[in-house]
Structures are given as C-alpha cells and as structure tokens.
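Trainee: Got a file for you: target.json, JSON, C-alpha atoms and all ligand atoms.
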```json
[["chain", "number", "residue", "atom", "x", "y", "z"],
["A", 1359, "MET", "CA", -122.90, 153.78, 132.44],
["A", 1360, "LYS", "CA", -122.45, 154.49, 128.77],
["A", 1361, "ILE", "CA", -120.19, 157.43, 128.23],
["A", 1362, "THR", "CA", -121.75, 160.10, 126.11],
["A", 1363, "LEU", "CA", -121.56, 163.84, 126.48],
["A", 1364, "ASN", "CA", -125.31, 163.69, 126.93],
["A", 1365, "ASN", "CA", -124.80, 161.92, 130.22],
["A", 1366, "ILE", "CA", -123.34, 165.13, 131.50],
["A", 1367, "GLU", "CA", -125.57, 167.56, 129.70],
["A", 1368, "GLU", "CA", -128.96, 166.01, 129.81],
["A", 1369, "THR", "CA", -129.48, 162.92, 131.87],
["A", 1370, "GLU", "CA", -130.17, 162.80, 135.54],
["A", 1371, "GLU", "CA", -127.68, 160.01, 135.84],
["A", 1372, "GLY", "CA", -124.83, 162.05, 134.43],
["A", 1373, "ILE", "CA", -125.45, 164.96, 136.72],
["A", 1374, "THR", "CA", -125.75, 162.68, 139.71],
["A", 1375, "THR", "CA", -122.41, 161.13, 138.86],
["A", 1376, "PHE", "CA", -120.93, 164.57, 138.55],
["A", 1377, "GLU", "CA", -122.36, 165.67, 141.89],
["A", 1378, "LYS", "CA", -121.00, 162.54, 143.55],
["A", 1379, "PHE", "CA", -117.62, 163.26, 142.15],
["A", 1380, "LYS", "CA", -117.79, 166.87, 143.22],
["A", 1381, "SER", "CA", -118.47, 165.92, 146.80],
["A", 1382, "LYS", "CA", -115.45, 163.66, 146.82],
["A", 1383, "ARG", "CA", -113.30, 166.43, 145.45],
["A", 1384, "LYS", "CA", -114.40, 169.29, 147.59],
["A", 1385, "LYS", "CA", -112.30, 171.91, 145.93],
["A", 1386, "LEU", "CA", -113.97, 171.53, 142.56],
["A", 1387, "SER", "CA", -115.51, 174.92, 142.18],
["A", 1388, "PRO", "CA", -118.89, 174.83, 140.44],
["A", 1389, "GLY", "CA", -118.48, 178.40, 139.24],
["A", 1390, "SER", "CA", -115.33, 177.76, 137.29],
["A", 1391, "GLN", "CA", -115.23, 177.17, 133.54],
["A", 1392, "ASN", "CA", -113.65, 173.84, 134.35],
["A", 1393, "VAL", "CA", -116.78, 172.39, 135.82],
["A", 1394, "ARG", "CA", -119.46, 174.04, 133.76],
["A", 1395, "LYS", "CA", -121.97, 171.75, 132.13],
["A", 1396, "LEU", "CA", -121.66, 171.11, 128.45],
["A", 1397, "THR", "CA", -123.82, 173.25, 126.21],
["A", 1398, "ALA", "CA", -126.16, 171.77, 123.63],
["A", 1399, "ASP", "CA", -123.72, 172.87, 120.94],
["A", 1400, "GLU", "CA", -120.86, 171.10, 122.60],
["A", 1401, "SER", "CA", -122.94, 167.97, 123.05],
["A", 1402, "SER", "CA", -123.83, 167.87, 119.41],
["A", 1403, "ASP", "CA", -120.30, 168.79, 118.43],
["A", 1404, "ARG", "CA", -119.30, 166.72, 115.43],
["A", 1405, "SER", "CA", -116.05, 166.03, 117.19],
["A", 1406, "PHE", "CA", -117.78, 163.71, 119.57],
["A", 1407, "ASN", "CA", -117.20, 160.20, 118.48],
["A", 1408, "SER", "CA", -118.61, 157.88, 121.09],
["A", 1409, "SER", "CA", -116.89, 154.77, 119.77],
["A", 1410, "ASP", "CA", -113.47, 156.25, 120.54],
["A", 1411, "LEU", "CA", -114.54, 157.03, 124.09],
["A", 1412, "GLU", "CA", -116.24, 153.65, 124.40],
["A", 1413, "GLU", "CA", -112.97, 152.03, 123.51],
["A", 1414, "LEU", "CA", -111.15, 153.92, 126.27],
["A", 1415, "ARG", "CA", -113.88, 152.96, 128.68],
["A", 1416, "GLY", "CA", -113.65, 149.33, 127.59],
["A", 1417, "ARG", "CA", -109.96, 149.44, 128.37],
["A", 1418, "GLY", "CA", -110.84, 150.59, 131.87],
["A", 1419, "ILE", "CA", -108.97, 153.87, 131.63],
["A", 1420, "LEU", "CA", -111.82, 156.36, 131.38],
["A", 1421, "ASP", "CA", -115.08, 156.38, 133.32],
["A", 1422, "GLU", "CA", -116.63, 159.61, 132.10],
["A", 1423, "LEU", "CA", -116.16, 163.14, 130.90],
["A", 1424, "ILE", "CA", -116.95, 165.64, 133.61],
["A", 1425, "SER", "CA", -116.74, 169.03, 131.98],
["A", 1426, "ILE", "CA", -115.18, 171.02, 129.24],
["A", 1427, "ILE", "CA", -111.82, 172.71, 129.73],
["A", 1428, "LYS", "CA", -111.59, 174.44, 126.39],
["A", 1429, "SER", "CA", -113.50, 174.13, 123.15],
["A", 1430, "GLY", "CA", -111.74, 174.94, 119.93],
["A", 1431, "LYS", "CA", -112.27, 174.79, 116.19],
["A", 1432, "GLU", "CA", -110.06, 171.78, 115.66],
["A", 1433, "ALA", "CA", -110.25, 170.09, 119.05],
["A", 1434, "SER", "CA", -111.95, 170.39, 122.40],
["A", 1435, "VAL", "CA", -110.35, 169.39, 125.66],
["A", 1436, "TYR", "CA", -112.46, 167.83, 128.40],
["A", 1437, "LEU", "CA", -111.85, 166.94, 131.99],
["A", 1438, "GLY", "CA", -112.18, 163.19, 132.25],
["A", 1439, "ARG", "CA", -112.27, 160.89, 135.23],
["A", 1440, "CYS", "CA", -111.22, 157.33, 135.91],
["A", 1441, "ALA", "CA", -111.97, 156.29, 139.49],
["A", 1442, "GLU", "CA", -110.46, 159.10, 141.55],
["A", 1443, "ASP", "CA", -108.03, 160.24, 138.89],
["A", 1444, "LEU", "CA", -108.51, 163.17, 136.56],
["A", 1445, "PHE", "CA", -107.31, 163.35, 132.96],
["A", 1446, "ALA", "CA", -107.36, 165.76, 130.07],
["A", 1447, "VAL", "CA", -109.21, 164.25, 127.11],
["A", 1448, "LYS", "CA", -108.57, 165.99, 123.81],
["A", 1449, "ILE", "CA", -111.22, 165.20, 121.23],
["A", 1450, "TYR", "CA", -110.53, 166.31, 117.69],
["A", 1451, "THR", "CA", -113.26, 167.74, 115.55],
["A", 1452, "ASP", "CA", -114.19, 165.68, 112.57],
["A", 1453, "LEU", "CA", -111.31, 166.99, 110.54],
["A", 1454, "ARG", "CA", -113.27, 166.68, 107.34],
["A", 1455, "VAL", "CA", -114.66, 170.10, 108.20],
["A", 1456, "ARG", "CA", -111.24, 171.65, 107.88],
["A", 1457, "SER", "CA", -108.86, 171.97, 105.01],
["A", 1458, "PHE", "CA", -105.87, 169.73, 105.29],
["A", 1459, "ARG", "CA", -103.98, 171.57, 102.58],
["A", 1460, "LYS", "CA", -102.23, 173.77, 105.12],
["A", 1461, "ASP", "CA", -101.01, 170.67, 106.92],
["A", 1462, "ASP", "CA", -99.09, 169.36, 103.93],
["A", 1463, "ILE", "CA", -95.95, 171.15, 105.03],
["A", 1464, "TYR", "CA", -96.04, 169.37, 108.41],
["A", 1465, "ARG", "CA", -96.90, 166.01, 106.92],
["A", 1466, "GLN", "CA", -93.79, 165.87, 104.81],
["A", 1467, "GLY", "CA", -91.39, 163.17, 105.96],
["A", 1468, "ARG", "CA", -93.85, 161.44, 108.24],
["A", 1469, "PHE", "CA", -93.82, 157.72, 108.11],
["A", 1470, "ILE", "CA", -96.90, 156.13, 106.62],
["A", 1471, "GLY", "CA", -96.46, 152.38, 106.69],
["A", 1472, "GLU", "CA", -98.67, 151.34, 103.81],
["A", 1473, "ALA", "CA", -98.23, 152.72, 100.30],
["A", 1474, "ARG", "CA", -101.96, 152.19, 99.76],
["A", 1475, "VAL", "CA", -102.78, 154.54, 102.64],
["A", 1476, "LYS", "CA", -100.25, 157.13, 101.50],
["A", 1477, "LYS", "CA", -101.73, 157.13, 98.02],
["A", 1478, "ALA", "CA", -105.28, 157.50, 99.35],
["A", 1479, "ILE", "CA", -104.21, 160.44, 101.52],
["A", 1480, "ASP", "CA", -102.45, 162.12, 98.60],
["A", 1481, "GLN", "CA", -105.50, 161.63, 96.42],
["A", 1482, "GLY", "CA", -107.87, 162.90, 99.11],
["A", 1483, "SER", "CA", -110.34, 160.02, 98.75],
["A", 1484, "ALA", "CA", -112.89, 159.53, 101.55],
["A", 1485, "PHE", "CA", -110.77, 156.70, 102.95],
["A", 1486, "GLY", "CA", -107.69, 158.91, 102.59],
["A", 1487, "VAL", "CA", -109.27, 161.74, 104.56],
["A", 1488, "ASP", "CA", -110.25, 159.33, 107.35],
["A", 1489, "ALA", "CA", -106.76, 157.88, 107.43],
["A", 1490, "HIS", "CA", -105.25, 161.35, 107.36],
["A", 1491, "GLN", "CA", -107.14, 162.55, 110.39],
["A", 1492, "ILE", "CA", -106.43, 159.44, 112.41],
["A", 1493, "LEU", "CA", -102.74, 159.74, 111.58],
["A", 1494, "TRP", "CA", -102.74, 163.42, 112.53],
["A", 1495, "VAL", "CA", -104.14, 162.59, 115.97],
["A", 1496, "GLN", "CA", -101.88, 159.57, 116.43],
["A", 1497, "GLU", "CA", -98.93, 161.76, 115.57],
["A", 1498, "GLU", "CA", -99.74, 164.00, 118.52],
["A", 1499, "PHE", "CA", -99.76, 160.99, 120.84],
["A", 1500, "ARG", "CA", -96.55, 159.60, 119.33],
["A", 1501, "GLN", "CA", -94.74, 162.93, 119.68],
["A", 1502, "MET", "CA", -95.97, 163.40, 123.25],
["A", 1503, "ASN", "CA", -94.65, 159.97, 124.15],
["A", 1504, "PHE", "CA", -91.29, 160.77, 122.66],
["A", 1505, "LEU", "CA", -90.98, 164.16, 124.36],
["A", 1506, "TYR", "CA", -92.22, 162.83, 127.68],
["A", 1507, "GLU", "CA", -89.73, 159.96, 127.57],
["A", 1508, "ALA", "CA", -87.00, 162.47, 126.74],
["A", 1509, "GLY", "CA", -87.77, 164.19, 130.04],
["A", 1510, "ILE", "CA", -89.24, 167.34, 128.48],
["A", 1511, "PRO", "CA", -92.10, 168.89, 130.52],
["A", 1512, "VAL", "CA", -95.22, 167.82, 128.63],
["A", 1513, "PRO", "CA", -98.35, 166.12, 130.01],
["A", 1514, "LYS", "CA", -97.85, 162.41, 130.46],
["A", 1515, "PRO", "CA", -99.61, 160.71, 127.54],
["A", 1516, "VAL", "CA", -102.09, 158.04, 128.61],
["A", 1517, "ALA", "CA", -103.87, 156.67, 125.54],
["A", 1518, "CYS", "CA", -104.99, 157.42, 122.01],
["A", 1519, "SER", "CA", -108.12, 156.09, 120.36],
["A", 1520, "GLY", "CA", -109.35, 157.31, 116.98],
["A", 1521, "LEU", "CA", -109.77, 161.07, 117.28],
["A", 1522, "VAL", "CA", -109.15, 161.13, 121.04],
["A", 1523, "VAL", "CA", -105.92, 161.70, 122.94],
["A", 1524, "MET", "CA", -106.00, 161.14, 126.67],
["A", 1525, "MET", "CA", -103.25, 162.60, 128.84],
["A", 1526, "GLU", "CA", -102.27, 163.78, 132.28],
["A", 1527, "PHE", "CA", -104.48, 166.62, 133.49],
["A", 1528, "ILE", "CA", -102.40, 169.67, 134.32],
["A", 1529, "GLY", "CA", -104.17, 171.50, 137.10],
["A", 1530, "GLU", "CA", -105.47, 171.01, 140.57],
["A", 1531, "ASP", "CA", -108.77, 169.80, 141.97],
["A", 1532, "GLY", "CA", -110.35, 169.88, 138.54],
["A", 1533, "ILE", "CA", -109.25, 173.43, 137.78],
["A", 1534, "ALA", "CA", -107.03, 173.43, 134.70],
["A", 1535, "ALA", "CA", -103.75, 175.31, 134.70],
["A", 1536, "GLU", "CA", -103.79, 178.57, 132.75],
["A", 1537, "ARG", "CA", -101.94, 179.10, 129.52],
["A", 1538, "LEU", "CA", -99.13, 181.63, 129.77],
["A", 1539, "SER", "CA", -100.99, 183.66, 127.15],
["A", 1540, "ASP", "CA", -103.91, 184.16, 129.55],
["A", 1541, "LEU", "CA", -101.91, 185.26, 132.56],
["A", 1542, "SER", "CA", -100.66, 188.56, 133.74],
["A", 1543, "LEU", "CA", -97.41, 187.96, 135.59],
["A", 1544, "GLU", "CA", -95.10, 190.07, 137.69],
["A", 1545, "LYS", "CA", -91.73, 190.74, 136.10],
["A", 1546, "ASP", "CA", -89.83, 188.06, 138.04],
["A", 1547, "GLU", "CA", -92.38, 185.38, 137.34],
["A", 1548, "ALA", "CA", -92.62, 186.37, 133.67],
["A", 1549, "GLU", "CA", -88.84, 186.09, 133.36],
["A", 1550, "GLU", "CA", -88.90, 182.68, 135.01],
["A", 1551, "ALA", "CA", -91.72, 181.54, 132.70],
["A", 1552, "PHE", "CA", -89.71, 182.74, 129.71],
["A", 1553, "ARG", "CA", -86.54, 181.03, 130.92],
["A", 1554, "GLN", "CA", -88.33, 177.70, 131.37],
["A", 1555, "SER", "CA", -90.20, 178.02, 128.07],
["A", 1556, "LEU", "CA", -86.99, 178.72, 126.17],
["A", 1557, "LYS", "CA", -85.43, 175.69, 127.85],
["A", 1558, "ILE", "CA", -88.33, 173.57, 126.59],
["A", 1559, "PHE", "CA", -87.93, 175.06, 123.12],
["A", 1560, "GLU", "CA", -84.22, 174.18, 123.12],
["A", 1561, "ALA", "CA", -84.87, 170.69, 124.48],
["A", 1562, "ILE", "CA", -87.40, 169.97, 121.72],
["A", 1563, "VAL", "CA", -84.94, 171.20, 119.07],
["A", 1564, "SER", "CA", -82.12, 169.17, 120.65],
["A", 1565, "SER", "CA", -84.35, 166.13, 120.37],
["A", 1566, "GLY", "CA", -84.45, 166.71, 116.62],
["A", 1567, "ARG", "CA", -87.89, 168.28, 116.41],
["A", 1568, "VAL", "CA", -89.72, 171.55, 115.90],
["A", 1569, "HIS", "CA", -92.97, 172.04, 117.79],
["A", 1570, "GLY", "CA", -94.62, 173.86, 114.89],
["A", 1571, "ASP", "CA", -96.90, 176.06, 117.01],
["A", 1572, "PHE", "CA", -94.76, 177.12, 119.92],
["A", 1573, "SER", "CA", -95.84, 180.21, 121.81],
["A", 1574, "THR", "CA", -97.41, 181.13, 125.15],
["A", 1575, "TYR", "CA", -100.72, 179.85, 123.71],
["A", 1576, "ASN", "CA", -99.38, 176.33, 123.99],
["A", 1577, "ILE", "CA", -97.55, 176.58, 127.29],
["A", 1578, "LEU", "CA", -99.35, 175.95, 130.57],
["A", 1579, "TRP", "CA", -98.08, 177.56, 133.76],
["A", 1580, "HIS", "CA", -98.71, 175.36, 136.76],
["A", 1581, "ASN", "CA", -97.28, 176.00, 140.22],
["A", 1582, "GLY", "CA", -94.37, 177.93, 138.75],
["A", 1583, "LYS", "CA", -93.64, 175.30, 136.13],
["A", 1584, "ALA", "CA", -93.96, 175.60, 132.35],
["A", 1585, "ILE", "CA", -95.50, 172.63, 130.51],
["A", 1586, "ALA", "CA", -95.74, 172.49, 126.72],
["A", 1587, "ILE", "CA", -98.87, 171.14, 125.01],
["A", 1588, "ASP", "CA", -100.40, 170.64, 121.54],
["A", 1589, "PHE", "CA", -98.21, 168.47, 119.32],
["A", 1590, "PRO", "CA", -99.96, 167.16, 116.18],
["A", 1591, "GLN", "CA", -97.93, 169.47, 113.93],
["A", 1592, "VAL", "CA", -94.49, 168.58, 115.33],
["A", 1593, "VAL", "CA", -91.97, 168.01, 112.53],
["A", 1594, "GLY", "CA", -88.64, 166.25, 112.40],
["A", 1595, "LEU", "CA", -85.64, 168.47, 111.73],
["A", 1596, "ASN", "CA", -84.07, 165.89, 109.49],
["A", 1597, "SER", "CA", -87.17, 164.49, 107.82],
["A", 1598, "ASN", "CA", -88.88, 167.72, 106.80],
["A", 1599, "THR", "CA", -87.17, 170.02, 104.32],
["A", 1600, "ALA", "CA", -89.26, 172.97, 105.58],
["A", 1601, "ALA", "CA", -88.16, 172.40, 109.19],
["A", 1602, "LYS", "CA", -85.92, 175.49, 109.37],
["A", 1603, "GLU", "CA", -88.67, 177.66, 107.98],
["A", 1604, "ILE", "CA", -91.13, 176.26, 110.53],
["A", 1605, "LEU", "CA", -88.52, 176.79, 113.25],
["A", 1606, "LEU", "CA", -88.12, 180.45, 112.29],
["A", 1607, "LYS", "CA", -91.88, 180.92, 112.35],
["A", 1608, "ASP", "CA", -91.98, 179.33, 115.82],
["A", 1609, "VAL", "CA", -89.17, 181.55, 117.12],
["A", 1610, "ASN", "CA", -90.94, 184.67, 115.89],
["A", 1611, "SER", "CA", -94.31, 183.79, 117.37],
["A", 1612, "PHE", "CA", -92.69, 182.54, 120.58],
["A", 1613, "CYS", "CA", -90.87, 185.87, 121.07],
["A", 1614, "LYS", "CA", -93.87, 187.94, 120.05],
["A", 1615, "SER", "CA", -96.11, 186.10, 122.49],
["A", 1616, "PHE", "CA", -93.88, 187.13, 125.41],
["A", 1617, "LYS", "CA", -94.41, 190.81, 124.64],
["A", 1618, "ARG", "CA", -97.62, 190.54, 126.60],
["A", 1619, "HIS", "CA", -95.41, 189.87, 129.61],
["A", 1620, "LYS", "CA", -93.37, 192.96, 128.83],
["A", 1621, "LEU", "CA", -90.42, 190.93, 127.63],
["A", 1622, "ASP", "CA", -88.78, 191.56, 124.31],
["A", 1623, "PRO", "CA", -86.63, 188.54, 123.46],
["A", 1624, "ASP", "CA", -84.22, 188.82, 120.55],
["A", 1625, "ALA", "CA", -85.69, 186.45, 117.96],
["A", 1626, "GLY", "CA", -82.60, 186.54, 115.73],
["A", 1627, "LYS", "CA", -80.31, 185.58, 118.57],
["A", 1628, "ILE", "CA", -82.57, 182.74, 119.69],
["A", 1629, "TYR", "CA", -82.95, 181.43, 116.14],
["A", 1630, "ASN", "CA", -79.19, 181.40, 115.62],
["A", 1631, "ARG", "CA", -78.60, 179.65, 118.89],
["A", 1632, "LEU", "CA", -81.19, 177.01, 118.02],
["A", 1633, "LEU", "CA", -79.64, 176.56, 114.57],
["A", 1634, "ARG", "CA", -76.27, 175.90, 116.18],
["A", 1635, "MET", "CA", -77.89, 173.11, 118.20],
["A", 1636, "ILE", "CA", -79.02, 171.37, 115.05],
["A", 1637, "ASP", "CA", -76.70, 168.80, 113.70],
["A", 1638, "TYR", "CA", -77.35, 168.90, 109.94],
["A", 1701, "LIG", "N1", -103.16, 168.26, 129.69],
["A", 1701, "LIG", "C1", -103.89, 169.34, 129.88],
["A", 1701, "LIG", "N2", -104.26, 169.72, 131.12],
["A", 1701, "LIG", "C2", -105.02, 170.82, 131.31],
["A", 1701, "LIG", "N3", -105.48, 171.60, 130.30],
["A", 1701, "LIG", "C3", -105.15, 171.28, 129.05],
["A", 1701, "LIG", "C4", -104.35, 170.14, 128.76],
["A", 1701, "LIG", "N4", -104.17, 170.04, 127.42],
["A", 1701, "LIG", "C5", -104.84, 171.09, 126.89],
["A", 1701, "LIG", "N5", -105.42, 171.83, 127.85],
["A", 1701, "LIG", "C6", -106.25, 173.03, 127.64],
["A", 1701, "LIG", "O1", -106.96, 172.89, 126.42],
["A", 1701, "LIG", "C7", -106.58, 173.91, 125.51],
["A", 1701, "LIG", "C8", -106.53, 173.37, 124.09],
["A", 1701, "LIG", "O2", -105.54, 172.35, 124.01],
["A", 1701, "LIG", "P1", -104.52, 172.28, 122.80],
["A", 1701, "LIG", "O3", -103.81, 170.97, 122.91],
["A", 1701, "LIG", "O4", -103.67, 173.50, 122.77],
["A", 1701, "LIG", "O5", -105.48, 172.21, 121.53],
["A", 1701, "LIG", "P2", -105.83, 173.25, 120.37],
["A", 1701, "LIG", "O6", -105.02, 174.51, 120.58],
["A", 1701, "LIG", "O7", -105.46, 172.52, 119.13],
["A", 1701, "LIG", "O8", -107.29, 173.47, 120.50],
["A", 1701, "LIG", "C9", -105.25, 174.44, 126.02],
["A", 1701, "LIG", "O9", -105.02, 175.76, 125.66],
["A", 1701, "LIG", "C10", -105.40, 174.29, 127.51],
["A", 1701, "LIG", "O10", -106.11, 175.39, 128.03],
["A", 1702, "MG", "MG", -103.22, 174.93, 121.34]]
```
As structure tokens, what does this structure read like?

Mentor:
Amino acid sequence: MKITLNNIEETEEGITTFEKFKSKRKKLSPGSQNVRKLTADESSDRSFNSSDLEELRGRGILDELISIIKSGKEASVYLGRCAEDLFAVKIYTDLRVRSFRKDDIYRQGRFIGEARVKKAIDQGSAFGVDAHQILWVQEEFRQMNFLYEAGIPVPKPVACSGLVVMMEFIGEDGIAAERLSDLSLEKDEAEEAFRQSLKIFEAIVSSGRVHGDFSTYNILWHNGKAIAIDFPQVVGLNSNTAAKEILLKDVNSFCKSFKRHKLDPDAGKIYNRLLRMIDY
C-alpha cells in the first residue's frame, strides 16, 4: 500500500488498515487525540512530502502513518507503524513558508561540507533554501543521535529522510506521553520532574551543547521519567559565539516554565552552575 496521508483520511483501505491495527492493539482509544483521523487540512498540509515517506517505506522501516499526535506551524508529529512497532514521525512543514532569518544565530558554526552549498544558503537562492531546510532537519537527527549515544534521555532516533525524522514513540498503546507543560502535577511529582529535567539540561551542557529551546514544552513526562525532545536548533558551545546568550535564554524559559508547577527555580544560580560546567 502506498503511504499517503490520504490513505488514512479518505480511502477505505487506509481506514481498514487502521481498524486492523486497532484490534491488535486493544488499548488504542479511538476517542483520544492520538488516534483521531487526519483532517482535510492536515492531509493537504504542505509539509507532507510523500517521497520522503516513500523512501522510509522502501527501506522497510515504516508501513504507514496512523494518526496525528500534534500539528504545529513548523512541524507535525504523527504516530507511525512498522509491523507491530509504533514510532513518532516528525514531518517538517515546507520551510519555505517560514523566515529562516531568525535561525541564523543557531546556524553559526554548523558544518556545511560544500562551499557551494554554504554560498547558496547564504545567498538565499531557491537551491540554497532547499539545502537549508534539509540541513535543518538533518541537524535534528544528528543531534538526537549524539545525545542518545551519550546516554541522555531523548527518543531513540530511527531514521531521517528529507523533511522527515523518525524516532522512538514515547507513550503507550498509541497514546503519546504528555509534555510537562500540559500536566498538572502534585508537588512531589513536580519536584521530581524538575530534578530530572535539570539533570538533562546539565547533561546536554556537559556534552558541549545548548538545546536552544529548553522548557517544559519540550520535555515529555512518561511513567515518571523526563524525556527531552525537539533538537533542530541545538548549538555547540564552542562553535557558536552566541552560545552563552542562547544558554541564558534557555535557563530563563526553563525556570519560567516550571512556575506552572508552583516551583520557582533560581535562574541566576542555575545559569552560573551551568557556566562552571563549560570548559571554555
Ligand atoms: N518521540 C515522541 N513521542 C511522542 N510524542 C512526541 C514525540 N516527539 C514529539 N512528540 C509530540 O509532538 C509535539 C511536537 O514535537 P516537537 O519535536 O516539539 O516539534 P515542534 O515543537 O517543533 O512542533 C511534542 O510536543 C509532543 O507532544
Ligand atoms: Mg517543541
């Protein structure tokens, strides 16, 4: 079966496949956002690039997309299936619709093998914009691999193709784990979530990197375990001259995001501790 979002939205065949799957995985709850059908808007989403998904299918690592976990302006994350296994499939929007100017600060110091490509990106030619978006997505996959290999709790990366990053699905029976930002936790659990999240923050910094968008919006909470996500904007502490500035921004939004959980971490103290971990 050809993988297209339409298989899920519109064709009999897609729905049948979904139903079959559902019966195998009894706990998939049809009422949940995780198994809702894709809307017409989502199906016609410019982010959908069938050739990237076809490639993953050709490699035998993805059979189909089952449902949408979260749709966003820059990327949408789908629940994907390969045989009995579930995956999270992050599909970036055609990034031409967004301005890349704000990404310049993150791009600094990244390795671009070919001078020709670097020049095209700097000049913003059509080829440059294409190359830029592919590199942005590949960077997420590359960073995830590095962090995963370093033993930091992030989803296990599976594959990257064009504008698609496929990774371990964090959740159970097709129901995705919640972000810390969406939960209301008791004091003890909130403190534990904070402790683990700070540990992840420190581990990323110790590995020589800054997440670039670190807050409860990018931390999943699954069975009492914090897992960081969303890495295209990760920067190297030694390769990006704005790294400290980005780190400070991260510390502030990280601390602010825990206010929802009635915690009030001392951003200055955390920033200083992180700075001491950096070997400039
Ligand atoms: N591996 C995963 N397992 C389960 N859910 C995920 C996974 N990765 C992302 N999500 C869900 O998709 C949302 C968007 O993913 P994210 O990588 O943060 O992209 P962005 O914020 O750029 O749209 C997350 O907030 C989370 O709810
Ligand atoms: Mg995010």

Trainee: Do you have, as a Markdown table, the list of residues of chain A lying at most 7 Å from ligand MG 1702 (chain A), each with its nearest atom pair and that distance in Å to one decimal, counting all atoms listed in the file and ordered by chain then number?

Mentor:
```
| residue | atom | partner | partner_atom | distance |
| --- | --- | --- | --- | --- |
| A:Tyr1575 | CA | A:MG1702 | MG | 6.0 |
| A:Asn1576 | CA | A:MG1702 | MG | 4.9 |
| A:Ile1587 | CA | A:MG1702 | MG | 6.8 |
| A:Asp1588 | CA | A:MG1702 | MG | 5.1 |
```

Trainee: Since we have the selection now, will you write its residues out, keeping C-alpha atoms, as a PDB file, in the frame of the given file?

Mentor:
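In the end it all went to part02.pdb:
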```
ATOM      1  CA  TYR A1575    -100.720 179.850 123.710  1.00  0.00           C
ATOM      2  CA  ASN A1576     -99.380 176.330 123.990  1.00  0.00           C
ATOM      3  CA  ILE A1587     -98.870 171.140 125.010  1.00  0.00           C
ATOM      4  CA  ASP A1588    -100.400 170.640 121.540  1.00  0.00           C
TER       5      ASP A1588
END
```

Trainee: Please tell me which residues are no farther than 12 Å from (-84.5, 175.5, 109.4) in the file, counting all atoms listed in the file, and write them as number ranges by chain.

Mentor: A: 1563, 1566-1568, 1570, 1593-1609, 1629-1638

Trainee: Write out as number ranges by chain each polymer residue whose atoms come within 6 Å of segment 1408-1415 of chain A, counting all atoms listed in the file; drop sequence neighbours fewer than 3 positions from it.

Mentor: A: 1418-1421, 1519-1520

Trainee: Can you pull out every residue with an atom within 6 Å of ligand LIG 1701 (chain A)? Use all atoms listed in the file and format it as a PyMOL selection string.

Mentor: chain A and resi 1427-1428+1430+1432-1435+1446+1513+1525-1529+1534-1535+1537+1576+1587-1588

Trainee: Given only C-alpha atoms as the basis, pick out the residue of A:Leu1444, A:Val1523, A:Ile1585, A:Leu1543 nearest to Val1495 of chain A.

Mentor: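 Ranked by minimum distance to Val1495 of chain A, first place goes to A:Val1523.
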
Trainee: I'd like the interatomic distance between atom CA of Ala1517 of chain A and atom CA of His1569 of chain A, to a tenth of an Å.

Mentor: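 Atom CA of His1569 of chain A lies at a distance of 20.4 Å from atom CA of Ala1517 of chain A.
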
Trainee: Tell me, in Å to one decimal, how far atom CA of Gln1491 of chain A is from atom CA of Arg1468 of chain A.

Mentor: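 Separation of atom CA of Gln1491 of chain A and atom CA of Arg1468 of chain A: 13.5 Å.
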
Trainee: So, counting all atoms listed in the file, which residue among A:Lys1448, A:Lys1627, A:Lys1431, A:Lys1617 is closest to Ser1542 of chain A?

Mentor: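 The shortest atom-to-atom distance to Ser1542 of chain A comes from A:Lys1617.
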
Trainee: Hey, what's within 10 Å of Leu1505 of chain A if we count only C-alpha atoms and toss same-chain stuff fewer than 2 positions away? As an mmCIF file with C-alpha atoms, in the frame of the given file, please?

Mentor:
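As a result, around-v3.cif now contains:
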```cif
data_model
loop_
_atom_site.group_PDB
_atom_site.id
_atom_site.type_symbol
_atom_site.label_atom_id
_atom_site.label_comp_id
_atom_site.auth_asym_id
_atom_site.auth_seq_id
_atom_site.Cartn_x
_atom_site.Cartn_y
_atom_site.Cartn_z
ATOM 1 C CA PHE A 1499 -99.760 160.990 120.840
ATOM 2 C CA ARG A 1500 -96.550 159.600 119.330
ATOM 3 C CA GLN A 1501 -94.740 162.930 119.680
ATOM 4 C CA MET A 1502 -95.970 163.400 123.250
ATOM 5 C CA ASN A 1503 -94.650 159.970 124.150
ATOM 6 C CA GLU A 1507 -89.730 159.960 127.570
ATOM 7 C CA ALA A 1508 -87.000 162.470 126.740
ATOM 8 C CA GLY A 1509 -87.770 164.190 130.040
ATOM 9 C CA ILE A 1510 -89.240 167.340 128.480
ATOM 10 C CA PRO A 1511 -92.100 168.890 130.520
ATOM 11 C CA VAL A 1512 -95.220 167.820 128.630
ATOM 12 C CA PRO A 1513 -98.350 166.120 130.010
ATOM 13 C CA LYS A 1514 -97.850 162.410 130.460
ATOM 14 C CA PRO A 1515 -99.610 160.710 127.540
ATOM 15 C CA ALA A 1561 -84.870 170.690 124.480
ATOM 16 C CA ILE A 1562 -87.400 169.970 121.720
ATOM 17 C CA SER A 1565 -84.350 166.130 120.370
ATOM 18 C CA ARG A 1567 -87.890 168.280 116.410
ATOM 19 C CA ALA A 1586 -95.740 172.490 126.720
ATOM 20 C CA PHE A 1589 -98.210 168.470 119.320
#
```

Trainee: Counting all atoms listed in the file, figure out which residue out of A:Gln1554, A:Ile1470, A:Gly1532, A:Phe1572 gets nearest to Gly1438 of chain A.

Mentor: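 Comparing A:Gln1554, A:Ile1470, A:Gly1532, A:Phe1572 against Gly1438 of chain A, the winner is A:Gly1532.
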
Trainee: In Å, rounded to a single decimal, give me how far atom CA of Asp1540 of chain A is from atom CA of Ser1429 of chain A.

Mentor: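 Atom-to-atom, atom CA of Ser1429 of chain A and atom CA of Asp1540 of chain A are spaced 15.3 Å apart.
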
Trainee: Taking all atoms listed in the file into account, which of A:Asp1461, A:Asp1624, A:His1580, A:Asp1571 comes nearest Ser1611 of chain A?

Mentor: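 Closest residue, counting all atoms listed in the file: A:Asp1571.
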
Trainee: Draw an axis-aligned box over all listed atoms of segment 1501-1504 of chain A, pad each side with 5 Å, and write its centre and edge lengths in Å, one decimal, as lines of an AutoDock Vina configuration file.

Mentor:
```
center_x = -93.6
center_y = 161.7
center_z = 121.9
size_x = 14.7
size_y = 13.4
size_z = 14.5
```

Trainee: Of the candidates A:Val1592, A:Leu1578, A:Cys1518, A:Gly1486, which one gets nearest to Gly1467 of chain A if we count all atoms listed in the file?

Mentor: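 That would be A:Val1592, the residue with the smallest distance to Gly1467 of chain A.
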
Trainee: Let me make sure I understand: among A:Leu1423, A:Ala1584, A:Ala1484, A:Ala1478, which one has the smallest atom-to-atom distance to Glu1550 of chain A if we use all atoms listed in the file?

Mentor: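 Smallest distance to Glu1550 of chain A is found for A:Ala1584.
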